[in-house]
>>> print(open('structure_20.cif').read())   # mmCIF, C-alpha atoms
data_run
#
loop_
_atom_site.label_atom_id
_atom_site.label_comp_id
_atom_site.auth_asym_id
_atom_site.auth_seq_id
_atom_site.Cartn_x
_atom_site.Cartn_y
_atom_site.Cartn_z
CA MET I 1 -33.18 -29.60 2.84
CA LYS I 2 -33.09 -29.09 6.60
CA ASN I 3 -29.41 -28.19 6.47
CA PHE I 4 -30.01 -25.71 3.64
CA THR I 5 -32.80 -24.03 5.61
CA GLU I 6 -30.67 -23.82 8.75
CA LEU I 7 -27.74 -22.32 6.83
CA THR I 8 -30.05 -19.77 5.23
CA VAL I 9 -31.39 -18.79 8.65
CA TYR I 10 -27.82 -18.33 9.93
CA GLY I 11 -26.99 -16.01 7.06
CA LEU I 12 -30.19 -13.98 7.37
CA LEU I 13 -29.78 -13.66 11.15
CA ALA I 14 -26.21 -12.40 10.74
CA PHE I 15 -27.30 -9.90 8.07
CA THR I 16 -30.30 -8.62 10.06
CA LEU I 17 -28.46 -8.26 13.36
CA SER I 18 -25.50 -6.58 11.62
CA ILE I 19 -27.87 -4.09 9.96
CA CYS I 20 -29.28 -3.28 13.40
CA ILE I 21 -26.02 -3.17 15.36
CA ILE I 22 -23.93 -1.04 12.97
CA PRO I 23 -25.86 2.24 13.60
CA LEU I 24 -25.50 1.70 17.37
CA MET I 25 -21.79 0.99 17.01
CA THR I 26 -21.44 4.10 14.82
CA MET I 27 -22.62 6.29 17.69
CA VAL I 28 -20.19 4.59 20.09
CA ALA I 29 -17.34 4.96 17.57
CA GLN I 30 -17.98 8.70 17.22
CA LYS I 31 -18.06 9.13 21.01
CA PHE I 32 -14.74 7.32 21.49
CA LYS I 33 -13.24 8.81 18.28
CA LEU I 34 -12.81 5.43 16.61
CA VAL I 35 -13.01 7.15 13.23
CA ASP I 36 -10.91 7.61 10.11
CA VAL I 37 -9.98 11.30 9.92
CA PRO I 38 -9.37 12.59 6.35
CA ASN I 39 -5.86 13.63 5.32
CA ALA I 40 -3.78 14.00 2.15
CA ARG I 41 -3.85 10.24 1.50
CA LYS I 42 -7.58 9.76 2.13
CA VAL I 43 -10.24 9.94 -0.55
CA HIS I 44 -13.08 10.84 1.87
CA GLN I 45 -13.83 14.34 3.16
CA LYS I 46 -15.20 13.68 6.68
CA ALA I 47 -14.48 11.40 9.64
CA ILE I 48 -15.91 7.90 9.05
CA PRO I 49 -16.52 5.29 11.81
CA LEU I 50 -14.10 2.34 11.68
CA ILE I 51 -16.46 -0.32 12.99
CA GLY I 52 -17.29 -2.56 10.00
CA GLY I 53 -14.86 -5.28 11.03
CA LEU I 54 -15.87 -5.05 14.67
CA ALA I 55 -19.53 -5.47 13.74
CA ILE I 56 -18.80 -8.58 11.66
CA GLY I 57 -16.64 -10.03 14.43
CA ILE I 58 -19.22 -9.39 17.16
CA ILE I 59 -22.08 -10.91 15.16
CA VAL I 60 -20.03 -14.00 14.23
CA ALA I 61 -19.05 -14.43 17.89
CA LEU I 62 -22.63 -14.02 19.18
CA LEU I 63 -24.31 -16.29 16.64
CA GLY I 64 -21.36 -18.66 16.54
CA GLY I 65 -22.41 -19.66 20.05
CA LEU I 66 -25.30 -21.49 18.40
CA THR I 67 -22.77 -23.79 16.73
CA SER I 68 -21.65 -26.89 18.59
CA MET I 69 -18.04 -26.69 19.77
CA LYS I 70 -17.52 -30.13 18.27
CA ASP I 71 -18.39 -28.76 14.81
CA VAL I 72 -15.57 -26.20 14.88
CA GLU I 73 -13.08 -27.96 17.17
CA GLU I 74 -10.48 -28.42 14.43
CA ILE I 75 -10.45 -24.74 13.46
CA LEU I 76 -10.71 -23.39 17.01
CA PRO I 77 -7.07 -22.15 16.92
CA ILE I 78 -7.95 -20.12 13.80
CA ILE I 79 -11.08 -18.66 15.41
CA ILE I 80 -9.25 -17.65 18.61
CA THR I 81 -6.27 -16.10 16.83
CA SER I 82 -8.60 -14.34 14.37
CA TYR I 83 -10.14 -12.48 17.30
CA ILE I 84 -6.67 -11.57 18.54
CA MET I 85 -6.09 -9.99 15.12
CA LEU I 86 -9.45 -8.21 15.45
CA LEU I 87 -8.32 -6.76 18.79
CA VAL I 88 -4.93 -5.71 17.38
CA GLY I 89 -6.65 -4.06 14.41
CA THR I 90 -9.05 -2.19 16.71
CA MET I 91 -6.13 -0.90 18.79
CA ASP I 92 -4.41 0.14 15.56
CA ASP I 93 -7.52 2.03 14.41
CA LYS I 94 -7.57 3.86 17.73
CA THR I 95 -3.87 4.49 18.46
CA ASP I 96 -2.06 3.79 15.15
CA ILE I 97 0.34 0.99 16.14
CA LYS I 98 3.71 1.03 14.38
CA ALA I 99 3.84 -1.29 11.35
CA ILE I 100 6.86 -3.19 12.68
CA TYR I 101 4.99 -4.02 15.92
CA LYS I 102 1.95 -5.25 13.98
CA LEU I 103 4.22 -7.43 11.84
CA GLY I 104 5.79 -8.89 14.98
CA ILE I 105 2.37 -9.76 16.39
CA GLN I 106 1.33 -11.34 13.08
CA ILE I 107 4.48 -13.49 13.05
CA CYS I 108 3.87 -14.64 16.65
CA ILE I 109 0.26 -15.57 15.87
CA SER I 110 1.36 -17.35 12.68
CA ILE I 111 3.81 -19.45 14.71
CA ILE I 112 0.96 -20.38 17.09
CA ILE I 113 -1.18 -21.49 14.15
CA ALA I 114 1.67 -23.50 12.63
CA SER I 115 2.30 -25.12 16.03
CA SER I 116 -1.36 -26.21 16.16
CA GLY I 117 -0.78 -28.31 13.04
CA ILE I 118 -2.38 -25.89 10.57
CA ARG I 119 0.53 -25.30 8.20
CA ILE I 120 1.66 -25.63 4.58
CA THR I 121 3.15 -29.09 3.98
CA SER I 122 3.75 -29.05 0.22
CA LEU I 123 4.99 -26.70 -2.52
CA TYR I 124 2.74 -28.47 -5.06
CA GLY I 125 5.60 -29.04 -7.52
CA LEU I 126 7.09 -25.53 -7.44
CA PHE I 127 10.78 -25.94 -8.41
CA GLY I 128 10.05 -29.67 -8.54
CA ILE I 129 9.36 -29.80 -4.77
CA TYR I 130 6.31 -31.40 -3.20
CA GLU I 131 6.57 -32.52 0.45
CA ILE I 132 8.77 -30.31 2.68
CA ASP I 133 10.34 -30.86 6.11
CA VAL I 134 8.81 -29.51 9.31
CA LEU I 135 11.14 -26.51 9.67
CA ALA I 136 10.36 -25.39 6.11
CA GLN I 137 6.64 -25.87 6.83
CA TYR I 138 6.87 -23.45 9.77
CA ILE I 139 8.89 -20.85 7.86
CA ILE I 140 6.71 -20.91 4.74
CA THR I 141 3.46 -20.87 6.75
CA VAL I 142 4.57 -17.84 8.78
CA LEU I 143 5.73 -15.98 5.66
CA VAL I 144 2.54 -16.75 3.71
CA ILE I 145 0.22 -15.70 6.56
CA ALA I 146 2.10 -12.46 7.30
CA ALA I 147 2.36 -11.54 3.61
CA ALA I 148 -1.28 -12.37 2.83
CA VAL I 149 -2.67 -10.50 5.85
CA ASN I 150 -0.71 -7.34 5.01
CA ALA I 151 -1.61 -7.60 1.33
CA PHE I 152 -5.29 -7.84 2.20
CA ASN I 153 -4.97 -4.92 4.61
CA LEU I 154 -3.43 -2.77 1.85
CA ILE I 155 -6.33 -3.23 -0.61
CA ASP I 156 -8.71 -1.71 1.93
CA GLY I 157 -8.37 1.74 0.40
CA ILE I 158 -11.68 2.38 -1.33
CA ASP I 159 -15.36 1.65 -0.68
CA GLY I 160 -16.32 -2.00 -0.97
CA LEU I 161 -13.02 -3.39 -2.24
CA ALA I 162 -11.73 -5.43 0.72
CA GLY I 163 -15.28 -6.34 1.79
CA SER I 164 -16.21 -7.57 -1.69
CA VAL I 165 -13.02 -9.61 -2.11
CA ALA I 166 -13.64 -11.14 1.34
CA GLY I 167 -17.28 -11.82 0.43
CA ILE I 168 -16.31 -13.61 -2.77
CA GLY I 169 -13.72 -15.57 -0.78
CA PHE I 170 -16.35 -16.62 1.78
CA ILE I 171 -18.70 -17.76 -0.98
CA LEU I 172 -15.95 -19.92 -2.49
CA LEU I 173 -15.16 -21.20 1.01
CA LEU I 174 -18.82 -22.16 1.44
CA ALA I 175 -18.67 -24.19 -1.77
CA ILE I 176 -15.54 -25.98 -0.57
CA ALA I 177 -17.10 -26.66 2.85
CA VAL I 178 -20.14 -28.19 1.09
CA ILE I 179 -17.86 -30.41 -1.01
CA GLU I 180 -15.94 -31.49 2.10
CA LYS I 181 -19.23 -31.93 4.03
CA ASN I 182 -17.89 -29.74 6.85
CA TYR I 183 -21.17 -28.52 8.33
CA GLY I 184 -19.61 -26.56 11.20
CA LEU I 185 -17.52 -24.54 8.75
CA MET I 186 -20.59 -24.00 6.55
CA LYS I 187 -22.46 -22.35 9.45
CA LEU I 188 -19.50 -20.18 10.38
CA VAL I 189 -19.05 -19.08 6.77
CA MET I 190 -22.75 -18.21 6.42
CA LEU I 191 -22.42 -15.92 9.45
CA GLY I 192 -19.45 -14.24 7.78
CA ILE I 193 -21.33 -13.80 4.50
CA GLY I 194 -24.33 -12.25 6.29
CA GLY I 195 -22.11 -9.86 8.26
CA ILE I 196 -20.10 -8.82 5.20
CA ALA I 197 -23.27 -8.21 3.16
CA ALA I 198 -24.63 -5.91 5.88
CA PHE I 199 -21.30 -4.08 6.12
CA LEU I 200 -21.22 -3.48 2.35
CA ARG I 201 -24.73 -2.02 2.60
CA TYR I 202 -23.35 0.71 4.89
CA ASN I 203 -19.94 0.97 3.25
CA PHE I 204 -21.52 2.02 -0.04
CA SER I 205 -23.97 4.37 1.69
CA LYS I 206 -23.43 8.13 1.33
CA LYS I 207 -25.23 9.18 4.50
CA ASN I 208 -24.43 6.37 6.97
CA LYS I 209 -21.04 5.22 5.68
CA VAL I 210 -18.77 3.04 7.81
CA PHE I 211 -15.34 1.65 7.03
CA LEU I 212 -14.03 -1.86 7.57
CA GLY I 213 -11.09 -0.53 9.56
CA ASN I 214 -7.79 -2.29 10.19
CA SER I 215 -9.75 -4.41 12.67
CA GLY I 216 -11.84 -5.79 9.80
CA SER I 217 -9.13 -6.14 7.15
CA LEU I 218 -6.74 -7.90 9.57
CA PHE I 219 -9.54 -10.09 10.97
CA LEU I 220 -10.92 -11.16 7.59
CA GLY I 221 -7.55 -11.41 5.83
CA TYR I 222 -6.09 -13.54 8.61
CA PHE I 223 -9.14 -15.82 8.81
CA LEU I 224 -9.19 -16.36 5.04
CA VAL I 225 -5.50 -17.20 4.67
CA SER I 226 -5.49 -19.43 7.76
CA ILE I 227 -8.62 -21.31 6.71
CA GLY I 228 -7.10 -21.76 3.24
CA ILE I 229 -4.06 -23.41 4.83
CA TYR I 230 -6.36 -25.55 6.97
CA ILE I 231 -8.29 -26.69 3.89
CA SER I 232 -5.02 -27.74 2.24
CA LYS I 233 -4.80 -30.67 4.69
CA PHE I 234 -7.59 -32.29 2.65
CA ASP I 235 -5.69 -31.87 -0.62
CA HIS I 236 -4.49 -35.11 -2.14
CA PRO I 237 -2.44 -35.44 -5.36
CA ALA I 238 -4.76 -38.22 -6.56
CA SER I 239 -7.80 -35.95 -6.35
CA GLY I 240 -6.45 -33.54 -8.95
CA PHE I 241 -8.14 -30.67 -7.12
CA PRO I 242 -6.12 -29.04 -4.30
CA HIS I 243 -8.86 -26.95 -2.67
CA GLY I 244 -6.56 -25.11 -0.26
CA LEU I 245 -4.09 -23.94 -2.90
CA PHE I 246 -6.92 -23.03 -5.26
CA PHE I 247 -8.66 -20.99 -2.54
CA LEU I 248 -5.50 -19.12 -1.52
CA LEU I 249 -4.59 -18.25 -5.11
CA PHE I 250 -8.14 -17.11 -5.83
CA VAL I 251 -8.40 -14.75 -2.85
CA PHE I 252 -4.84 -13.45 -2.49
CA THR I 253 -3.17 -13.44 -5.92
CA ILE I 254 -4.11 -9.86 -6.85
CA PRO I 255 -3.57 -8.32 -3.36
CA MET I 256 -0.19 -10.11 -3.03
CA ILE I 257 1.10 -9.05 -6.44
CA ASP I 258 0.03 -5.44 -5.91
CA SER I 259 1.56 -5.26 -2.42
CA VAL I 260 4.88 -6.76 -3.60
CA ARG I 261 4.99 -4.20 -6.42
CA VAL I 262 4.28 -1.33 -4.01
CA TYR I 263 6.87 -2.49 -1.45
CA ALA I 264 9.49 -2.94 -4.19
CA ASP I 265 8.82 0.54 -5.62
CA ARG I 266 9.18 2.14 -2.17
CA VAL I 267 12.48 0.37 -1.48
CA LEU I 268 13.86 1.30 -4.93
CA GLN I 269 12.96 4.93 -4.20
CA GLY I 270 14.89 4.79 -0.93
CA LYS I 271 11.75 4.86 1.21
CA SER I 272 10.63 2.55 3.99
CA PRO I 273 8.37 -0.21 2.62
CA PHE I 274 5.98 0.61 5.47
CA ASN I 275 5.52 4.28 4.49
CA ALA I 276 1.92 4.70 3.32
CA ASP I 277 1.33 6.37 -0.05
CA LYS I 278 -1.13 6.43 -2.95
CA SER I 279 0.65 4.04 -5.31
CA HIS I 280 -1.72 1.07 -5.18
CA ILE I 281 -3.54 0.05 -8.32
CA HIS I 282 -6.88 1.26 -6.95
CA HIS I 283 -5.35 4.73 -6.43
CA TYR I 284 -4.28 4.85 -10.09
CA LEU I 285 -7.77 3.79 -11.14
CA LEU I 286 -9.28 6.53 -8.98
CA GLN I 287 -7.07 9.09 -10.69
CA LEU I 288 -8.52 7.94 -14.01
CA GLY I 289 -11.91 9.07 -12.74
CA ILE I 290 -13.31 5.58 -12.16
CA SER I 291 -15.78 5.34 -9.28
CA HIS I 292 -15.28 3.21 -6.17
CA LYS I 293 -18.06 0.82 -7.17
CA LYS I 294 -16.65 0.30 -10.66
CA ILE I 295 -13.14 -0.33 -9.31
CA THR I 296 -14.55 -2.87 -6.87
CA ILE I 297 -16.45 -4.60 -9.68
CA LEU I 298 -13.25 -4.60 -11.77
CA PHE I 299 -11.32 -6.32 -8.95
CA VAL I 300 -14.06 -8.90 -8.49
CA MET I 301 -14.01 -9.58 -12.23
CA MET I 302 -10.23 -10.02 -12.08
CA ASN I 303 -10.69 -12.56 -9.28
CA ILE I 304 -13.29 -14.42 -11.32
CA SER I 305 -10.92 -14.35 -14.32
CA ILE I 306 -8.25 -16.02 -12.19
CA PHE I 307 -10.83 -18.63 -11.21
CA ALA I 308 -11.65 -19.24 -14.88
CA ALA I 309 -7.98 -19.47 -15.86
CA GLN I 310 -7.32 -22.04 -13.15
CA TYR I 311 -10.43 -24.08 -13.85
CA ILE I 312 -10.42 -24.04 -17.65
CA PHE I 313 -6.81 -23.66 -18.75
CA LEU I 314 -4.74 -25.02 -15.87
CA LYS I 315 -6.39 -28.32 -15.00
CA SER I 316 -3.53 -29.29 -12.68
CA PHE I 317 -4.09 -26.16 -10.55
CA SER I 318 -0.32 -25.76 -10.34
CA ILE I 319 1.15 -23.01 -8.19
CA TYR I 320 2.62 -21.69 -11.45
CA THR I 321 -0.82 -20.17 -11.89
CA PHE I 322 0.55 -17.41 -9.67
CA LEU I 323 3.28 -16.69 -12.24
CA VAL I 324 0.72 -16.54 -15.06
CA SER I 325 -1.38 -14.16 -12.98
CA LEU I 326 1.72 -12.07 -12.23
CA ILE I 327 2.45 -11.55 -15.92
CA ALA I 328 -1.20 -10.67 -16.62
CA PHE I 329 -1.32 -8.26 -13.66
CA VAL I 330 1.90 -6.48 -14.68
CA ALA I 331 0.57 -6.03 -18.22
CA ILE I 332 -2.75 -4.63 -16.92
CA PHE I 333 -0.98 -2.34 -14.43
CA LYS I 334 1.35 -0.95 -17.12
CA CYS I 335 -1.66 -0.11 -19.29
CA ILE I 336 -3.36 1.62 -16.32
CA LYS I 337 -0.20 3.58 -15.54
CA VAL I 338 0.13 4.75 -19.15
CA LEU I 339 -3.52 5.84 -19.18
CA ASN I 340 -2.96 7.59 -15.86
CA PHE I 341 0.05 9.46 -17.26
CA PHE I 342 -1.90 10.70 -20.27
CA THR I 343 -4.84 11.73 -18.05
CA ILE I 344 -2.55 13.82 -15.81
CA TRP I 345 -0.78 15.27 -18.87
CA LYS I 346 -4.14 16.18 -20.45
CA THR I 347 -5.27 17.90 -17.23
CA LYS I 348 -2.06 19.94 -17.01
CA VAL I 349 -2.40 21.02 -20.65
CA LYS I 350 -5.94 22.25 -19.96
CA GLU I 351 -4.74 24.15 -16.89
CA LEU I 352 -1.99 25.84 -18.92
CA GLU I 353 -4.49 26.76 -21.64
CA ASN I 354 -6.86 28.27 -19.06
CA ASN I 355 -4.04 30.23 -17.44
CA ALA I 356 -2.91 31.52 -20.85
CA GLN I 357 -6.39 32.92 -21.48
#
>>> encode(input="structure_20.cif", output="structure tokens")
Amino acid sequence: MKNFTELTVYGLLAFTLSICIIPLMTMVAQKFKLVDVPNARKVHQKAIPLIGGLAIGIIVALLGGLTSMKDVEEILPIIITSYIMLLVGTMDDKTDIKAIYKLGIQICISIIIASSGIRITSLYGLFGIYEIDVLAQYIITVLVIAAAVNAFNLIDGIDGLAGSVAGIGFILLLAIAVIEKNYGLMKLVMLGIGGIAAFLRYNFSKKNKVFLGNSGSLFLGYFLVSIGIYISKFDHPASGFPHGLFFLLFVFTIPMIDSVRVYADRVLQGKSPFNADKSHIHHYLLQLGISHKKITILFVMMNISIFAAQYIFLKSFSIYTFLVSLIAFVAIFKCIKVLNFFTIWKTKVKELENNAQ
């Protein structure tokens, strides 16, 4: 009961302080022009402060000082490198760092994490492979972290989407930390949940809106994928419940599939995979006239559906779950694209009719 009360206090403190600090940071962001200026790709009409991620990071750092170093000693490499990603994202928000440079930094940080012992050690039966050698562990860990971080960064295109996916991920992480009796991680996660909840309060606001920013999407995406890999060290075949794999699939399946599709489309069209456009699934849903909040709810429901599919239908929690999700996602996306085509066609017909009159 004492632990529950303490965890609740941590979450409420993070939420309250974030609510208070965000307006102050908004004024600073406007002064230093740390804002997202609207352009042809943007869906907003005025400059919006890019301080959501910074606010979450600052609050977690301040209140995290209340946590004993011994409680978080094992994940200290993740915490330190997460703040490096926060700094890189902040610099990107301010100066627009080239994508290739950001990828290089992500790879370097991923190598550091793998060197600390936090790395993928099994393919969980994919292609009949379980345990893998050390070199393969490094390569796969670096590829997974870089891919997951960029995929998470790419879904941050509409109000509430990246923040909500991160929030759901943190809630699942809290449940896993409770199961593993990792009290230090529980406290850290509660700080994250409180900060994200406060951010979403402003992100959905019309008057005092703030964005997560690349600082936030890189910070949260990196922390979530790295902590998922860390959790996998507790996975044992005999347990029948690989928490790390389950967590990673739950949080990153949809962002990864969508980003791979977008990158492939760009390459097939002869464009650079790093050229930004409006071809993500949330852009197609926006064109159908669906609101930001409804799209966010739809994504959260898709995440919960993946959870249900893994828990109810795939008791082994095999990595082939990703392939099942891929097929389902492609089918859903094709339906959205067809609806989008007919919506555009219907609009053009109305325009021609109006011009004819």
>>> residues_around(input="structure_20.cif", residues="stretch 166-174 of chain I", least_positions_apart="3", cutoff="8 Å", atoms="all atoms listed in the file", output="PyMOL selection string")
chain I and resi 162-163+177-178+185-186+189-190+192-193+196-197+220-221+224+247+250-251+300
>>> residues_around(input="structure_20.cif", residues="stretch 95-100 of chain I", least_positions_apart="5", cutoff="10 Å", atoms="all atoms listed in the file", output="ChimeraX atom specification")
/I:34,88-90,105-106,150,214,273-275
>>> closest_atom_pairs(input="structure_20.cif", of="stretch 203-287 of chain I", to="stretch 54-57 of chain I", cutoff="10 Å", atoms="all atoms listed in the file", output="Markdown table")
| residue | atom | partner | partner_atom | distance |
| --- | --- | --- | --- | --- |
| I:Leu212 | CA | I:Leu54 | CA | 8.0 |
| I:Gly213 | CA | I:Leu54 | CA | 8.3 |
| I:Asn214 | CA | I:Leu54 | CA | 9.6 |
| I:Ser215 | CA | I:Leu54 | CA | 6.5 |
| I:Gly216 | CA | I:Leu54 | CA | 6.4 |
| I:Phe219 | CA | I:Gly57 | CA | 7.9 |
| I:Leu220 | CA | I:Gly57 | CA | 9.0 |
>>> resolve_selection(input="structure_20.cif", expression="the PyMOL selection byres ((chain I and resi 256) around 8)", output="JSON, numbers by chain")
{"I": [147, 148, 151, 152, 252, 253, 254, 255, 257, 258, 259, 260]}
>>> residues_near_point(input="structure_20.cif", point="(-1.5, -23.3, 1.3)", cutoff="6 Å", atoms="only C-alpha atoms", output="ChimeraX atom specification")
/I:120,229,232,244-245
>>> residues_around(input="structure_20.cif", residues="stretch 69-85 of chain I", least_positions_apart="4", cutoff="7 Å", atoms="all atoms listed in the file", output="PDB file with C-alpha atoms, keeping the file's coordinate frame")
ATOM      1  CA  GLY I  89      -6.650  -4.060  14.410  1.00  0.00           C
ATOM      2  CA  ILE I 109       0.260 -15.570  15.870  1.00  0.00           C
ATOM      3  CA  ILE I 113      -1.180 -21.490  14.150  1.00  0.00           C
ATOM      4  CA  GLY I 184     -19.610 -26.560  11.200  1.00  0.00           C
ATOM      5  CA  LEU I 185     -17.520 -24.540   8.750  1.00  0.00           C
ATOM      6  CA  LEU I 218      -6.740  -7.900   9.570  1.00  0.00           C
ATOM      7  CA  PHE I 219      -9.540 -10.090  10.970  1.00  0.00           C
ATOM      8  CA  TYR I 222      -6.090 -13.540   8.610  1.00  0.00           C
ATOM      9  CA  PHE I 223      -9.140 -15.820   8.810  1.00  0.00           C
ATOM     10  CA  SER I 226      -5.490 -19.430   7.760  1.00  0.00           C
TER      11      SER I 226
END
>>> residues_near_point(input="structure_20.cif", point="(-18.3, -1.4, 6.7)", cutoff="9 Å", atoms="all atoms listed in the file", output="PyMOL selection string")
chain I and resi 22+49-53+55-56+159-160+163+196+198-204+209-213+216
>>> atom_distance(input="structure_20.cif", atom1="atom CA of I:Thr141", atom2="atom CA of I:Leu298")
29.8 Å
>>> atom_distance(input="structure_20.cif", atom1="atom CA of I:Met301", atom2="atom CA of I:Asp265")
25.8 Å
>>> atom_distance(input="structure_20.cif", atom1="atom CA of I:Leu66", atom2="atom CA of I:Leu87")
22.5 Å
>>> closest_residue(input="structure_20.cif", among="I:Ile118, I:Ile176, I:Val144, I:Ile129", to="I:Pro242", atoms="all atoms listed in the file")
I:Ile176
>>> closest_residue(input="structure_20.cif", among="I:Ile19, I:Leu154, I:Ile179, I:Ile112", to="I:Val142", atoms="all atoms listed in the file")
I:Ile112
>>> resolve_selection(input="structure_20.cif", expression="the PyMOL selection byres ((chain I and resi 137) around 9)", output="list in words")
Ala114, Arg119, Ile120, Thr121, Ser122, Ile132, Asp133, Val134, Leu135, Ala136, Tyr138, Ile139, Ile140, Thr141 and Val142 of chain I
>>> write_last_selection(input="structure_20.cif", atoms="C-alpha atoms", output="JSON list (two decimals), in the frame of the given file")
[["chain", "number", "residue", "atom", "x", "y", "z"],
["I", 114, "ALA", "CA", 1.67, -23.50, 12.63],
["I", 119, "ARG", "CA", 0.53, -25.30, 8.20],
["I", 120, "ILE", "CA", 1.66, -25.63, 4.58],
["I", 121, "THR", "CA", 3.15, -29.09, 3.98],
["I", 122, "SER", "CA", 3.75, -29.05, 0.22],
["I", 132, "ILE", "CA", 8.77, -30.31, 2.68],
["I", 133, "ASP", "CA", 10.34, -30.86, 6.11],
["I", 134, "VAL", "CA", 8.81, -29.51, 9.31],
["I", 135, "LEU", "CA", 11.14, -26.51, 9.67],
["I", 136, "ALA", "CA", 10.36, -25.39, 6.11],
["I", 138, "TYR", "CA", 6.87, -23.45, 9.77],
["I", 139, "ILE", "CA", 8.89, -20.85, 7.86],
["I", 140, "ILE", "CA", 6.71, -20.91, 4.74],
["I", 141, "THR", "CA", 3.46, -20.87, 6.75],
["I", 142, "VAL", "CA", 4.57, -17.84, 8.78]]
>>> closest_residue(input="structure_20.cif", among="I:Ile327, I:Val149, I:Pro38, I:Val28", to="I:Leu86", atoms="only C-alpha atoms")
I:Val149
